[in-house]
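Shown next, in C-alpha cells, is the structure this report addresses.
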Amino acid sequence: MNLVRAQLQRPWRLAAELSALLVAVVVAFPLYWMVLGAFKPAGEIESSEPRPWTLAPSLDSFRRVFGQQDFGRYFVNSLVVAGSVVIASALIAFLAAIAVTRFRFRFRTTLLIMFLVAQMVPVEALTIPLFFLMRDFDQLNTLGSLILPHIAFSLPFAIWMLRGFVKAVPDALEEAAYMDGASRARFLWQILFPLVFPGLVATSVFSFISAWNDFLFAKSFIISDTSQSTLPMALLVFFKPDEPDWGGVMAASTVMTIPVLVFFVLVQRRLVSGLGGAVKD
Amino acid sequence: MERRAISTTTPRKPGRRNRAGWTPWLYLAPALVVLGGLLVYPIYQLGLISFFHYTQAQVSGGEPTTFEGFGNYSALFSDPEFWQVLLATVVFAAGCVVSTLAVGCALAVLLTRVRAVPRLALMLAALGAWATPAVTGSTVWLFLFDPDFGPVNRILGLGDHSWTYGRISAFFLVLLEVVWCSFPFVMVTVYAGIRAVPAEVLEAAALDGASQWRIWRSVLAPMLRPILTVVTIQSVIWDFKVFTQIYVMTNGGGIAGQNLVLNVYAYQQAFASSQYSLGSAIGVVMLLMLLAVTLVYLRLLRRQGEEL
C-alpha cells in the first residue's frame with residue numbers, strides 16, 4: 001500500500017484529504033444542527049434566518065422535554081427494553097452458535113440456512129399477527145410485548161455473526177481444557193465466553209439499536225397505557241405535523257441519540273473488526 | 001485491528017469428535033423456542049389471516065370469521081393503488097440501494113487514500129450517522145429541509161419551497177436520509193475488506209501502470225466480491241422495508257398516500273382502516289418478494305463456494 005500511496009502525487013492526496021474532511025463535515029452536520037437546535041432559545045429556532053451558531057444557549061427546550069409527564073419514565077422504559085434484548089439475545093445466540101459450530105448433527109446445514117432466511121423476514125409485516133398474539137397472551141401495553149419480538153428478530157443475525165467468532169477458537173484449546181480436567185460448563189463460560197466476547201459486543205450493537213429505535217411495535221402494541229411508552233413515542237408528542245415544536249423535537253432527539261452514540265463510540269473498534277469477521281465467514 | 005479480523009483462518013470442519021446426539025439440540029433449545037413462538041408462528045398466522053375476512057367486526061365485535069380463499073389477494077391485485085405502491089416501493093428501494101452503495105464504496109476507497117486525521121474524522125462522522133435512531137434522523141432531516149426555519153432552503157435560495165409537498169421531492173428527501181444513515185455500514189465493511197487485500201497485489205497493479213479506476217474495477221472489486229454481495233443484499237433488504245422514515249417524514253404516507261411504500265401501506269390498511277386481512281395479504285406479498293431475494297443470495301453464496 002505504501003508504494004501505491006507514494007506514487008500518488010502530493011496534490012492528489014491533499015485533494016483526497018480535503019474532500020474526506022468536507023464529507024465528514026456534511027455527514028456530521030445534521031447531528032450538529034440537532035444539538036444546536038436543542039440549545040437555541042425559542043426565538044432563534046423559529047427564525048427565518050437560521051444561523052449555524054447561537055450566542056444565547058438555553059435549556060428551555062430540555063426543560064420542556066423533561067417537564068412532559070413521564071419523560072424520564074419513557075427513557076427508563078427504553079433502556080429496560082434495549083438492555084433486556086441485548087442480554088437475552090446475546091446469551092441465547094451464544095449457546096446456539098456453539099451448537100452449530102462445535103457439533104455435527106443432522107439438519108445442521110438446514111438450520112443454518114433457516115437462520116439466514118429468517119434474517120430477511122420483514123419484521124414489520126409480522127406486526128399484525130404479533131398484535132393478536134400479544135393480545136391473546138394479555139401482553140399488550142407491557143414492555144414484554146416490545147422485548148420478546150425484538151429478541152426473536154435479533155437472534156438469527158446474532159447467531160450468524162457469532163458463528164464466525166466461535167469457529168475461530170481452535171479445537172485444540174477445547175481439548176487442552178478437558179485434558180486439564182475442566183468440565184464442559186467451565187470451558188464454555190470461563191474460556192470460550194471471554195474469547196468470543198468481542199463478537200458478542202459487535203452483535204449487541206445491532207440488537208441494541210433495533211430495540212432502542214423501535215417505533216412500529218411501540219406504536220402498535222402500547223396503545224392505551226402510556227406509562228409503558230418508549231422514547232420514540234415521547235418524541236413524537238412534540239412533532240405535530242402542522243405545528244411542530246422544533247426546539248422540543250430537537251432536544252428530545254438529542255436525548256434519544258446520545259445513549260446510542262456513546263454505545264457506538266465505546267465499541268467502535270470492536271464493531272469494525274467484528275463486522276470484518278462476520279463478513280469473512 | 002481490521003486486518004486481524006479478516007485474516008484468513010483456514011475453515012475447519014466443525015468438531016468431528018462431538019457427534020453426540022442430543023447435546024447440540026439442548027444448546028439450540030432456547031433459540032428455537034423463541035424463534036418458533038415469535039417468528040415462525042406469526043408467519044403462519046400472517047398467511048392464515050390473509051385468507052380470511054378479518055376486520056374490526058371480527059376482532060372486537062365477536063362476529064364469526066369467514067374463509068375467503070384468495071379473495072383478499074384478488075381484491076388487492078385488482079386495486080390500481082396496490083400496483084402503484086408496489087412500483088413506488090421497488091423504484092424507491094432501488095434508488096436507495098444504488099446511492100448507498102455508490103456513496104459507501106467511493107468513501108471506502110477515499111479512506112484508504114488519506115492519512116489518519118481525515119480518516120478518523122470521516123469514520124466518526126459516519127459512526128454518528130449510523131448510530132442515529134431512525135426516528136430522530138427523520139425529524140432532524142425534516143427540520144434541515146423545513147420551508148420556514150430550515151437552513152437548506154436558505155443556502156440554496158429556495159424560499160419557502162416545501163420538499164414534502166411534491167411526490168418526487170418527498171421521496172428524494174427520504175432517500176437522502178436513508179442514504180445518510182445506511183452508507184456507513186457499507187463504507188466501514190468495504191473499507192475493512194480493502195484493508196485485508198494484500199498490499200503486494202495493489203503494488204503490482206500500480207507498477208504495471210494500472211489507473212486507480214482500473215485497479216478498483218479489475219483488482220479490488222473482484223477480490224471484494226463476497227463482501228460486496230453481502231452489503232448489496234443487506235441494503236436491498238433494509239431499503240425494501242423502510243418504514244419509520246416514510247412514516248415520520250411524510251406523515252404516514254404523504255399527501256393522499258402519494259409516498260406510500262408496501263410496508264406503510266400494509267400498516268395503514270391494518271391499523272388505520274382495520275382491514276387486517278388485506279394488510280396481511282400485503283405482508284405475504286412482501287415476504288415472498290424478500291424470500292426471492294434471499295434465494296438469489298443463497299445461490300450466490302453457494303457459487304462462491306462458501307462453507308456453511
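Every chain in the C-alpha cells has a letter given in the order shown (A, B, ...), and although residue numbers restart at 1 in each chain, ligands are simply numbered from 1 in the order shown.
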(message) Based on the backbone DSSP call, show me all residues of range 8-196 of chain A assigned alpha helix (DSSP H), as an MDAnalysis selection string.
(response) chainID A and resid 10:39 42:45 60:67 71:102 108:120 127:136 144:168 171:179 184:186 193:196
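Shortest atom-to-atom contact with Ser50 in chain B among A:Pro194, A:Pro129, A:Gly247, A:Pro170: A:Pro129, counting only C-alpha atoms.
Here CA of Leu86 in chain B is placed at a distance of 13.7 Å from CA of Gly279 in chain B.
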(message) For a test of reading the model, state the distance in Å between CA of Gly69 in chain B and CA of Leu278 in chain B, rounded to one decimal.
(response) 12.4 Å
(request) For Ile92 in chain A, list every protein, DNA or RNA residue within 8 Å, evaluated using only C-alpha atoms, and leave out those in the same chain fewer than 5 positions away; present the list as a VMD selection string. (result) (chain A and resid 155) or (chain B and resid 30 to 31)
Let's have the selection written as a PDB file, in the first residue's frame, with N, CA and C atoms.
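again14.pdb, freshly written:
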```pdb
ATOM      1  N   LEU A 155     -32.097 -12.497  16.987  1.00  0.00           N
ATOM      2  CA  LEU A 155     -31.388 -13.778  17.139  1.00  0.00           C
ATOM      3  C   LEU A 155     -30.733 -14.301  15.855  1.00  0.00           C
TER       4      LEU A 155
ATOM      5  N   PRO B  30     -33.218 -22.880  23.563  1.00  0.00           N
ATOM      6  CA  PRO B  30     -33.788 -21.543  23.814  1.00  0.00           C
ATOM      7  C   PRO B  30     -34.031 -20.771  22.523  1.00  0.00           C
ATOM      8  N   ALA B  31     -33.061 -20.830  21.618  1.00  0.00           N
ATOM      9  CA  ALA B  31     -33.204 -20.098  20.364  1.00  0.00           C
ATOM     10  C   ALA B  31     -34.402 -20.616  19.573  1.00  0.00           C
TER      11      ALA B  31
END
```
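Of the residues listed (B:Ser273, B:Asn251, B:Gln212, B:Ser218), B:Asn251 shows the shortest atom-to-atom separation from Val174 in chain B; distances use only C-alpha atoms.
Of the listed residues B:Tyr165, B:Phe77, B:Phe240, B:Tyr44, the one whose atoms come nearest to Ile282 in chain B is B:Phe77, with distances taken using only C-alpha atoms.
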(request) Compile the contact shell of Thr127 in chain A as number ranges by chain: residues with an atom at most 9 Å away, counting only C-alpha atoms, same-chain residues fewer than 4 positions apart removed. (result) A: 123, 131-132, 216-217, 220-221; B: 42, 267
(request) Could you give me, as a ChimeraX atom specification, the residues within 9 Å of range 123-136 of chain B, counting only C-alpha atoms and dropping anything in the same chain fewer than 2 positions from it? (result) /A:23-31,34,209-210,212-215,232,235-236,249-250,252-254,256-258,260-261,263-265,268 /B:111,118-121,138-141,177-178,180-185,187-188,244-245,248
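Near range 166-169 of chain A, within 7 Å and counting only C-alpha atoms, sit Ala97, Ile98, Thr101, Leu162, Arg163 and Val196 of chain A; same-chain residues fewer than 3 positions away were not included.
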Please write the residues from the selection above to a file, keeping C-alpha atoms, as a short mmCIF file (atom, residue, chain, number, x, y, z; two decimals), in the first residue's frame.
```
data_model
loop_
_atom_site.label_atom_id
_atom_site.label_comp_id
_atom_site.auth_asym_id
_atom_site.auth_seq_id
_atom_site.Cartn_x
_atom_site.Cartn_y
_atom_site.Cartn_z
CA ALA A 97 -23.68 -20.59 17.92
CA ILE A 98 -21.83 -23.24 19.93
CA THR A 101 -20.10 -24.74 15.12
CA LEU A 162 -21.23 -15.24 16.45
CA ARG A 163 -20.69 -18.40 14.44
CA VAL A 196 -15.99 -14.66 21.99
#
```
(message) With distances taken over only C-alpha atoms, which residue among A:Asp70, A:Glu17, A:Asp171, A:Glu124 lies nearest Leu107 in chain B?
(response) A:Glu17
(request) Using only C-alpha atoms, determine which residues lie at most 12 Å from range 57-65 of chain B, disregarding the query and same-chain residues fewer than 4 positions distant; provide the list as a ChimeraX atom specification. (result) /A:128,131-132,135-136 /B:48-53,270-271,273-277
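Across A:Ala42, A:Ile147, A:Ala96, A:Leu14, the tightest approach to chain B is made by A:Ala96 when counting only C-alpha atoms.
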